Amino acid sequence: MKKYTANELRNAWKKFYTDRGHVDCGAVSLVSDGSTGVLFNVAGMQPLMPYLLGKKHPLGTRLCNVQGCIRTIDIDSVGDKSHGTFFEMMGSWSLGDYFKEDRCKWSYELLTEVFGFDRDHLAATVFAGDENAPRDEEGAQCRIKSGFKPENIYYLPKEDNWWGLEFGPCGPDSEMFYVADVPPCGPDCKPGCHCGKYTEIGNDVFMQYEKHQDGTLTPLEKKNVDTGWGLERNLAFLNGTDDVYKTDVHAPVITYIEESSGKKYEEDEKLTKSMRILADHTRTAVMLIGDEAKLVPGNTGAGYVLRRLIRRGVRHARNLGLDKNNILNIAATYIDRVYSEAYPNLVKNREFVLKELSKEIERFESTLENGMKEFRKILDRSREAGLKNIEGKDAFYLYDTFGFPLELTVEMAREEGLSVDEEGFKAAMEQQKQTARAGSAFAQKDTSSVFDDLDASIVSEFIGYYKLSAEQEIIALADENALTGSVGEGVRATLITAQTPFYATMGGQKGDTGIIKTSTGVFNVEETIKLAGGRIGHTGVVESGTIEKGQKAELKVNAEKRASTCRNHSATHLLQAALREVVGSDAHQQGSYQDTERTRFDFSYGKALTKEEIERVEDIVNEKIAENLPVITDVMGIEEAKKTGAMALFGEKYGDTVRVVKMGDFSKELCGGTHVINTGAIGAFKILSESGIAAGIRRIEGITGKAVTEYYKNIEKELIEAAKLLKTDPANLLNRAGQVMSEIKSLSSENEKLKSQLANAKAGDAAQTEVKGVKVFTMRVDDVEMNELRNIGDDLKTKAGEGVIFIASACSGRVNLLAMATDGAVAMGAHAGNLIKELAPIVNGGGGGRPNMAQAGGKDPSKIDELMSGVASVVEKQLK
């Protein structure tokens with residue numbers, strides 16, 4: 001067998017297939033577009049599912065690539081020699097082109113002529129047949145004809161050699177194995193056995209049937225082939241090892257970990273596992289953050305998985321004595337030395353990757369130490385109570401307070417021989433959500449499912465890009481519970497027409513409102529929504545009379561509200577282009593929303609915009625509005641649109657034909673929404689706020705048109721009112737405000753001085769006791785803030801000489817507590833921090849600090865006297 005580096009193996013694979021008429025279709029993002037119901041691309045064939053199911057691929061019928069994949073379902077196995085959360089699949093496909101004979105011939109050529117396997121050491125499996133599909137004799141004969149020995153062909157059952165979804169295309173598959181020169185483990189030893197005699201190399205899936213809902217199979221008119229070989233597994237095998245961490249995709253990192261930690265790989269089983277997990281999880285984090293999606297850690301979806309991987313990696317780095325800088329060096333090694341050629345996006349996004357990774361590690365490290373202490377306490381408490389698991393509420397406490405993902409707690413508990421009540425965790429999570437939702441209004445009842453049983457031919461077409469009214473027949477009607485033939489006055493309902501000028505909420509743009517009239521009634525459209533099956537629903541209330549299915553109706557969009565929404569939507573396009581001009585191409589759209597009131601634009605960016613940047617973005621947008629740029633929409637194929645450089649929202653699913661919206665030469669985006677005819681119609685643009693909404697995600701909110709005029713009118717009104725209050729005119733408001741602030745500052749200073757003098761005068765009244773030779777001073781002085789309380793404490797400490805001081809103050813309905821201990825008292829065991837920690841709960845508070853000084857706040861002033869009475873006894877317990 002020939003030895004390969006990872007780059008050589010990738011290139012050899014693609015060259016082999018392009019030499020045989022295949023097109024390298026390239027890899028797609030690791031983050032799924034959502035069409036398959038999973039967060040990530042988990043297999044090489046996943047992005048090609050629409051084409052395997054019959055859709056025509058723009059690049060032809062013969063394809064190949066090397067696709068990165070993310071799979072966390074077996075994350076608990078990561079740490080052994082072969083499993084990883086990121087892996088690469090080398091794939092090739094026939095979409096209704098060649099079938100078994102060519103596929104088997106090329107697989108054998110690749111194995112023997114390219115990779116150097118010899119015939120004696122190759123085996124293959126084929127489908128053994130069942131009651132629904134016959135034995136795959138064709139596959140077996142094609143394997144033999146290609147060069148496999150007949151005695152090395154094995155027939156295995158459906159669970160081993162069949163691929164298919166619940167319904168749709170399916171068929172037998174045939175796996176290829178290397179046969180080692182070791183004796184079989186027994187009479188039943190065959191491919192799939194884990195004794196070490198057979199090592200899987202790759203798999204060919206032959207999609208030749210369609211499975212129907214009744215379970216029957218019929219032959220497909222166009223048969224497909226899906227071939228997949230795992231790069232890391234084959235790379236290790238070709239280089240004479242079963243350990244992927246000894247190949248060149250991991251070896252430089254393992255060497256760095258050894259040098260930095262002083263630990264040797266494979267010397268200690270537990271530490272070797274930590275090395276592998278740290279390497280794998282850091283690599284996956286690098287791949288996800290550096291991906292075209294520029295994923296950042298978060299609390300939901302794919303962002304949560306990324307956060308979980310980074311934090312698990314941080315814990316295993318600690319096991320090895322490594323810190324943030326070491327992890328960042330590992331990340332840089334993957335970018336610079338391992339994947340720079342295969343994944344140029346990583347090099348391009350290098351600084352972004354390292355910055356986001358650094359921020360997430362810092363977030364977790366800031367709570368990790370205390371979180372681990374709490375975990376140990378929970379562990380001890382569980383064992384003392386005789387429990388075999390950690391309670392769900394405790395696991396949620398670690399998650400909510402210290403950022404420990406549930407899976408991390410489960411893993412740590414397992415290492416200690418305990419389990420975690422995961423259902424209890426979910427219940428605690430749900431309880432918090434319910435509490436957060438308490439008092440909020442419930443959304444209107446979702447009635448969309450009542451249309452699910454409609455005939456598939458009942459669909460809707462949006463015709464409202466250039467018209468706001470139409471006459472149509474009502475083809476479906478439903479109240480809040482079921483399909484119906486008519487609805488009367490005051491009834492909430494949803495109706496469907498074959499064509500409509502009403503835009504349905506999608507792509508961030510809020511749907512239209514308006515009126516639908518028939519000969520017998522008036523229907524007020526409050527919302528327009530997308531329904532399943534390509535339908536558009538007009539949802540609202542019958543204003544008068546009755547509305548009936550089958551009636552002719554006049555549909556009329558509220559023109560004023562549509563115009564306002566269009567202004568905000570078009571302004572959003574200008575905003576995105578201006579933003580990227582000011583802060584650079586690192587600003588990627590993460591979402592947007594436009595209605596009649598305002599626009600909201602979310603984007604990935606690592607820091608808050610400066611005041612100057614915000615002003616510049618706003619100025620650019622208004623400049624483009626003043627230029628009165630034409631807004632032109634072109635309809636074209638998706639591939640053609642991408643070639644024009646039109647911006648697309650990552651993760652958005654686009655059809656074969658798309659609309660490209662251009663605003664002069666300044667902005668070009670894929671967009672299915674409605675817009676103004678020229679930028680001058682926007683009128684004006686004003687940014688109201690710029691803020692962070694999640695780690696690495698910023699949000700800009702803005703207004704346009706008349707709303708900007710109203711905004712400035714309200715400001716002017718407030719200026720006039722403020723000027724009246726300060727007995728001046730608006731032009732002199734700033735000077736007058738400065739004078740008033742100076743007066744307030746002077747009076748406040750005088751007030752604090754008087755309070756300080758009064759409190760210091762009371763300092764001599766501090767109660768004094770003595771326990772075990774240490775003086776204890778207690779004092780209550782109300783209406784004093786914490787800063788002044790410290791001044792009083794310092795004064796009392798100077799006068800006391802040696803001892804412990806405890807001062808309490810009821811102030812504005814709350815409690816301020818201060819504890820101090822002199823050096824002599826600390827030497828005898830006194831601890832101000834522990835004193836505060838034990839007493840503060842009495843007043844419903846909490847706090848802590850150093851041995852010589854600590855402070856706390858509380859919520860119950862009525863318990864101050866009770867607290868003060870216990871100070872001396874707590875000090876006595878502390879003293880040696």
# chains A, B, ... in the order shown; residues from 1 in each chain; ligands from 1
>>> select_by_dssp(residues="stretch 231-406 of chain A", states="alpha helix (DSSP H)", output="tab-separated table (two decimals) with C-alpha atoms, in the first residue's frame")
chain	number	residue	atom	x	y	z
A	231	LEU	CA	-10.70	10.25	4.80
A	232	GLU	CA	-9.26	10.00	8.33
A	233	ARG	CA	-9.91	6.28	8.67
A	234	ASN	CA	-8.34	5.48	5.29
A	235	LEU	CA	-5.47	7.90	5.89
A	236	ALA	CA	-4.59	6.06	9.10
A	237	PHE	CA	-4.95	2.65	7.46
A	238	LEU	CA	-2.82	3.54	4.43
A	251	ALA	CA	0.23	14.64	14.76
A	252	PRO	CA	1.58	18.24	14.94
A	253	VAL	CA	-1.02	19.07	17.60
A	254	ILE	CA	-0.36	15.94	19.66
A	255	THR	CA	3.36	16.79	19.59
A	256	TYR	CA	2.62	20.34	20.78
A	257	ILE	CA	0.41	19.03	23.63
A	258	GLU	CA	3.17	16.65	24.71
A	259	GLU	CA	5.77	19.44	24.73
A	260	SER	CA	3.51	21.93	26.55
A	261	SER	CA	2.11	19.55	29.16
A	269	GLU	CA	-4.76	6.14	29.37
A	270	LYS	CA	-6.75	8.94	31.03
A	271	LEU	CA	-4.38	11.72	29.94
A	272	THR	CA	-4.16	10.30	26.40
A	273	LYS	CA	-7.95	10.47	26.22
A	274	SER	CA	-7.80	14.11	27.31
A	275	MET	CA	-5.19	14.81	24.60
A	276	ARG	CA	-7.45	13.35	21.93
A	277	ILE	CA	-10.58	15.16	23.14
A	278	LEU	CA	-8.72	18.48	23.36
A	279	ALA	CA	-7.31	18.03	19.85
A	280	ASP	CA	-10.59	16.91	18.30
A	281	HIS	CA	-12.84	19.51	19.95
A	282	THR	CA	-10.45	22.36	19.21
A	283	ARG	CA	-10.25	21.27	15.57
A	284	THR	CA	-14.05	21.12	15.29
A	285	ALA	CA	-14.40	24.56	16.91
A	286	VAL	CA	-11.87	25.98	14.43
A	287	MET	CA	-13.76	24.43	11.52
A	288	LEU	CA	-17.16	25.77	12.65
A	289	ILE	CA	-16.03	29.31	13.50
A	290	GLY	CA	-13.89	29.52	10.35
A	301	GLY	CA	-28.97	25.24	18.14
A	302	ALA	CA	-25.62	24.86	16.41
A	303	GLY	CA	-24.12	27.64	18.55
A	304	TYR	CA	-24.84	25.61	21.69
A	305	VAL	CA	-23.14	22.52	20.26
A	306	LEU	CA	-20.08	24.67	19.50
A	307	ARG	CA	-20.11	26.08	23.04
A	308	ARG	CA	-20.40	22.57	24.48
A	309	LEU	CA	-17.39	21.35	22.46
A	310	ILE	CA	-15.19	24.31	23.45
A	311	ARG	CA	-16.05	24.01	27.14
A	312	ARG	CA	-15.50	20.26	27.16
A	313	GLY	CA	-12.14	20.90	25.51
A	314	VAL	CA	-11.24	23.49	28.17
A	315	ARG	CA	-11.91	20.96	30.95
A	316	HIS	CA	-9.65	18.37	29.34
A	317	ALA	CA	-6.98	21.02	28.77
A	318	ARG	CA	-7.05	21.63	32.55
A	319	ASN	CA	-6.52	17.89	33.10
A	324	LYS	CA	-6.25	29.39	27.08
A	325	ASN	CA	-3.00	30.30	25.32
A	326	ASN	CA	-2.20	26.63	24.75
A	327	ILE	CA	-5.65	26.01	23.25
A	328	LEU	CA	-5.24	29.02	20.95
A	329	ASN	CA	-1.84	27.69	19.83
A	330	ILE	CA	-3.48	24.34	19.05
A	331	ALA	CA	-6.12	26.17	17.00
A	332	ALA	CA	-3.43	28.13	15.15
A	333	THR	CA	-1.59	24.88	14.36
A	344	PRO	CA	-8.41	28.38	2.72
A	345	ASN	CA	-11.38	29.94	4.55
A	346	LEU	CA	-9.62	29.12	7.83
A	347	VAL	CA	-6.60	31.19	6.83
A	348	LYS	CA	-8.83	34.01	5.62
A	350	ARG	CA	-7.83	33.22	11.14
A	351	GLU	CA	-8.10	36.29	13.38
A	352	PHE	CA	-11.87	35.92	13.69
A	353	VAL	CA	-11.51	32.25	14.69
A	354	LEU	CA	-8.88	32.90	17.34
A	355	LYS	CA	-10.74	35.94	18.70
A	356	GLU	CA	-14.08	34.12	19.08
A	357	LEU	CA	-12.39	31.05	20.53
A	358	SER	CA	-10.49	33.20	23.01
A	359	LYS	CA	-13.66	35.00	24.14
A	360	GLU	CA	-15.53	31.75	24.74
A	361	ILE	CA	-12.64	30.21	26.69
A	362	GLU	CA	-12.41	33.35	28.85
A	363	ARG	CA	-16.15	33.24	29.54
A	364	PHE	CA	-15.94	29.67	30.75
A	365	GLU	CA	-12.65	29.98	32.64
A	366	SER	CA	-14.11	32.90	34.63
A	367	THR	CA	-16.68	30.54	36.19
A	368	LEU	CA	-15.00	27.14	35.83
A	369	GLU	CA	-13.04	27.19	39.10
A	370	ASN	CA	-16.07	28.06	41.24
A	371	GLY	CA	-18.24	25.73	39.18
A	372	MET	CA	-15.92	22.80	39.84
A	373	LYS	CA	-16.02	23.57	43.55
A	374	GLU	CA	-19.82	23.56	43.46
A	375	PHE	CA	-19.79	20.32	41.51
A	376	ARG	CA	-17.66	18.71	44.23
A	377	LYS	CA	-20.08	19.95	46.90
A	378	ILE	CA	-23.06	18.56	44.97
A	379	LEU	CA	-21.19	15.30	44.47
A	380	ASP	CA	-20.43	14.98	48.20
A	381	ARG	CA	-24.01	15.92	49.14
A	382	SER	CA	-25.43	13.33	46.74
A	383	ARG	CA	-23.20	10.59	48.15
A	384	GLU	CA	-23.98	11.53	51.75
A	392	GLY	CA	-31.80	17.64	37.97
A	393	LYS	CA	-32.13	20.92	39.86
A	394	ASP	CA	-28.45	20.73	40.83
A	395	ALA	CA	-27.39	20.04	37.22
A	396	PHE	CA	-29.49	23.01	36.12
A	397	TYR	CA	-27.87	25.17	38.81
A	398	LEU	CA	-24.43	24.32	37.36
A	399	TYR	CA	-25.73	25.18	33.88
A	400	ASP	CA	-27.52	28.38	34.83
A	401	THR	CA	-24.91	29.79	37.22
A	402	PHE	CA	-21.58	28.48	35.92
A	406	LEU	CA	-25.68	19.35	30.85
>>> residues_around(residues="A:Glu415", least_positions_apart="5", cutoff="12 Å", atoms="only C-alpha atoms", output="compact mmCIF listing (two decimals) with N, CA, C and O atoms, in the first residue's frame")
# COMPACT_ATOMS: atom_id res chain seq x y z
N ASP A 76 -19.43 10.66 23.11
CA ASP A 76 -18.86 9.94 24.25
C ASP A 76 -17.74 8.99 23.83
O ASP A 76 -16.93 8.58 24.65
N LYS A 270 -5.84 7.81 30.77
CA LYS A 270 -6.75 8.94 31.03
C LYS A 270 -6.24 10.23 30.39
O LYS A 270 -7.02 10.98 29.77
N LEU A 379 -21.60 16.70 44.50
CA LEU A 379 -21.19 15.30 44.47
C LEU A 379 -21.17 14.72 45.89
O LEU A 379 -21.73 13.65 46.15
N LEU A 408 -21.65 18.09 29.96
CA LEU A 408 -20.40 18.15 30.72
C LEU A 408 -20.62 17.62 32.13
O LEU A 408 -19.81 16.85 32.65
N THR A 409 -21.73 18.00 32.75
CA THR A 409 -22.06 17.50 34.09
C THR A 409 -22.27 15.99 34.06
O THR A 409 -21.81 15.27 34.96
N VAL A 410 -22.96 15.50 33.02
CA VAL A 410 -23.18 14.06 32.87
C VAL A 410 -21.84 13.32 32.78
O VAL A 410 -21.64 12.29 33.43
N VAL A 420 -26.94 11.43 36.11
CA VAL A 420 -27.61 12.72 36.30
C VAL A 420 -29.08 12.58 35.93
O VAL A 420 -29.42 11.93 34.92
>>> closest_atom_pairs(of="stretch 592-631 of chain A", to="stretch 696-701 of chain A", cutoff="8 Å", atoms="only C-alpha atoms", output="JSON lines")
{"residue": "A:Arg598", "atom": "CA", "partner": "A:Glu701", "partner_atom": "CA", "distance": 7.1}
{"residue": "A:Thr599", "atom": "CA", "partner": "A:Glu701", "partner_atom": "CA", "distance": 5.7}
{"residue": "A:Arg600", "atom": "CA", "partner": "A:Glu701", "partner_atom": "CA", "distance": 4.5}
{"residue": "A:Phe601", "atom": "CA", "partner": "A:Ile700", "partner_atom": "CA", "distance": 5.2}
{"residue": "A:Asp602", "atom": "CA", "partner": "A:Arg699", "partner_atom": "CA", "distance": 4.4}
{"residue": "A:Phe603", "atom": "CA", "partner": "A:Arg698", "partner_atom": "CA", "distance": 5.4}
{"residue": "A:Ser604", "atom": "CA", "partner": "A:Ile697", "partner_atom": "CA", "distance": 4.5}
{"residue": "A:Tyr605", "atom": "CA", "partner": "A:Gly696", "partner_atom": "CA", "distance": 5.4}
{"residue": "A:Gly606", "atom": "CA", "partner": "A:Gly696", "partner_atom": "CA", "distance": 4.8}
{"residue": "A:Lys607", "atom": "CA", "partner": "A:Gly696", "partner_atom": "CA", "distance": 7.1}
{"residue": "A:Ala608", "atom": "CA", "partner": "A:Arg698", "partner_atom": "CA", "distance": 7.2}
>>> write_last_selection(atoms="N, CA and C atoms", output="PDB file, in the first residue's frame")
ATOM      1  N   ARG A 598     -40.412  49.967  11.787  1.00  0.00           N
ATOM      2  CA  ARG A 598     -38.951  50.072  11.822  1.00  0.00           C
ATOM      3  C   ARG A 598     -38.288  48.903  11.115  1.00  0.00           C
ATOM      4  N   THR A 599     -36.975  48.956  11.036  1.00  0.00           N
ATOM      5  CA  THR A 599     -36.192  47.834  10.537  1.00  0.00           C
ATOM      6  C   THR A 599     -35.224  47.382  11.617  1.00  0.00           C
ATOM      7  N   ARG A 600     -34.952  46.088  11.623  1.00  0.00           N
ATOM      8  CA  ARG A 600     -34.012  45.510  12.578  1.00  0.00           C
ATOM      9  C   ARG A 600     -33.051  44.629  11.795  1.00  0.00           C
ATOM     10  N   PHE A 601     -31.758  44.820  12.007  1.00  0.00           N
ATOM     11  CA  PHE A 601     -30.749  44.081  11.253  1.00  0.00           C
ATOM     12  C   PHE A 601     -29.744  43.464  12.215  1.00  0.00           C
ATOM     13  N   ASP A 602     -29.623  42.131  12.201  1.00  0.00           N
ATOM     14  CA  ASP A 602     -28.674  41.415  13.054  1.00  0.00           C
ATOM     15  C   ASP A 602     -27.480  40.967  12.219  1.00  0.00           C
ATOM     16  N   PHE A 603     -26.288  41.120  12.775  1.00  0.00           N
ATOM     17  CA  PHE A 603     -25.082  40.774  12.018  1.00  0.00           C
ATOM     18  C   PHE A 603     -23.992  40.272  12.954  1.00  0.00           C
ATOM     19  N   SER A 604     -23.111  39.430  12.398  1.00  0.00           N
ATOM     20  CA  SER A 604     -21.993  38.908  13.195  1.00  0.00           C
ATOM     21  C   SER A 604     -20.864  39.931  13.179  1.00  0.00           C
ATOM     22  N   TYR A 605     -20.425  40.293  14.369  1.00  0.00           N
ATOM     23  CA  TYR A 605     -19.303  41.222  14.509  1.00  0.00           C
ATOM     24  C   TYR A 605     -18.832  41.138  15.961  1.00  0.00           C
ATOM     25  N   GLY A 606     -17.535  41.134  16.163  1.00  0.00           N
ATOM     26  CA  GLY A 606     -16.983  40.818  17.475  1.00  0.00           C
ATOM     27  C   GLY A 606     -17.030  41.913  18.518  1.00  0.00           C
ATOM     28  N   LYS A 607     -17.429  43.142  18.153  1.00  0.00           N
ATOM     29  CA  LYS A 607     -17.413  44.214  19.140  1.00  0.00           C
ATOM     30  C   LYS A 607     -18.468  45.261  18.794  1.00  0.00           C
ATOM     31  N   ALA A 608     -18.745  46.119  19.770  1.00  0.00           N
ATOM     32  CA  ALA A 608     -19.730  47.176  19.543  1.00  0.00           C
ATOM     33  C   ALA A 608     -19.187  48.201  18.552  1.00  0.00           C
TER      34      ALA A 608
END
>>> residues_around(residues="stretch 682-689 of chain A", least_positions_apart="5", cutoff="6 Å", atoms="only C-alpha atoms", output="PyMOL selection string")
chain A and resi 567+700-705
>>> closest_residue(among="A:Val661, A:Val676, A:Leu95, A:Ile807", to="A:Thr565", atoms="only C-alpha atoms")
A:Val676
>>> residues_around(residues="stretch 860-868 of chain A", least_positions_apart="5", cutoff="12 Å", atoms="only C-alpha atoms", output="NGL selection string")
:A and (766-768 or 776-783 or 805-819 or 835-846 or 873-875)
>>> select_by_dssp(residues="stretch 812-868 of chain A", states="strand (DSSP E)", output="list in words")
Arg814, Val815, Asn816, Leu817, Leu818, Ala819, Met820, Ala821, Gly846, Gly847, Gly848, Gly849, Met853, Ala854, Gln855, Ala856, Gly857 and Gly858 of chain A
>>> write_last_selection(atoms="C-alpha atoms", output="tab-separated table (two decimals), in the first residue's frame")
chain	number	residue	atom	x	y	z
A	814	ARG	CA	-32.17	47.74	51.54
A	815	VAL	CA	-29.37	46.67	53.86
A	816	ASN	CA	-25.65	47.53	53.61
A	817	LEU	CA	-23.24	45.40	55.66
A	818	LEU	CA	-19.52	45.90	56.31
A	819	ALA	CA	-17.08	43.72	58.24
A	820	MET	CA	-13.43	44.49	59.04
A	821	ALA	CA	-10.72	42.63	60.97
A	846	GLY	CA	-25.29	37.64	50.31
A	847	GLY	CA	-21.70	38.68	49.85
A	848	GLY	CA	-18.15	37.99	50.92
A	849	GLY	CA	-14.60	39.22	50.71
A	853	MET	CA	-12.52	43.35	54.81
A	854	ALA	CA	-15.83	42.22	53.32
A	855	GLN	CA	-19.18	43.70	52.41
A	856	ALA	CA	-22.68	42.54	51.47
A	857	GLY	CA	-26.15	43.72	50.58
A	858	GLY	CA	-29.50	42.55	51.89
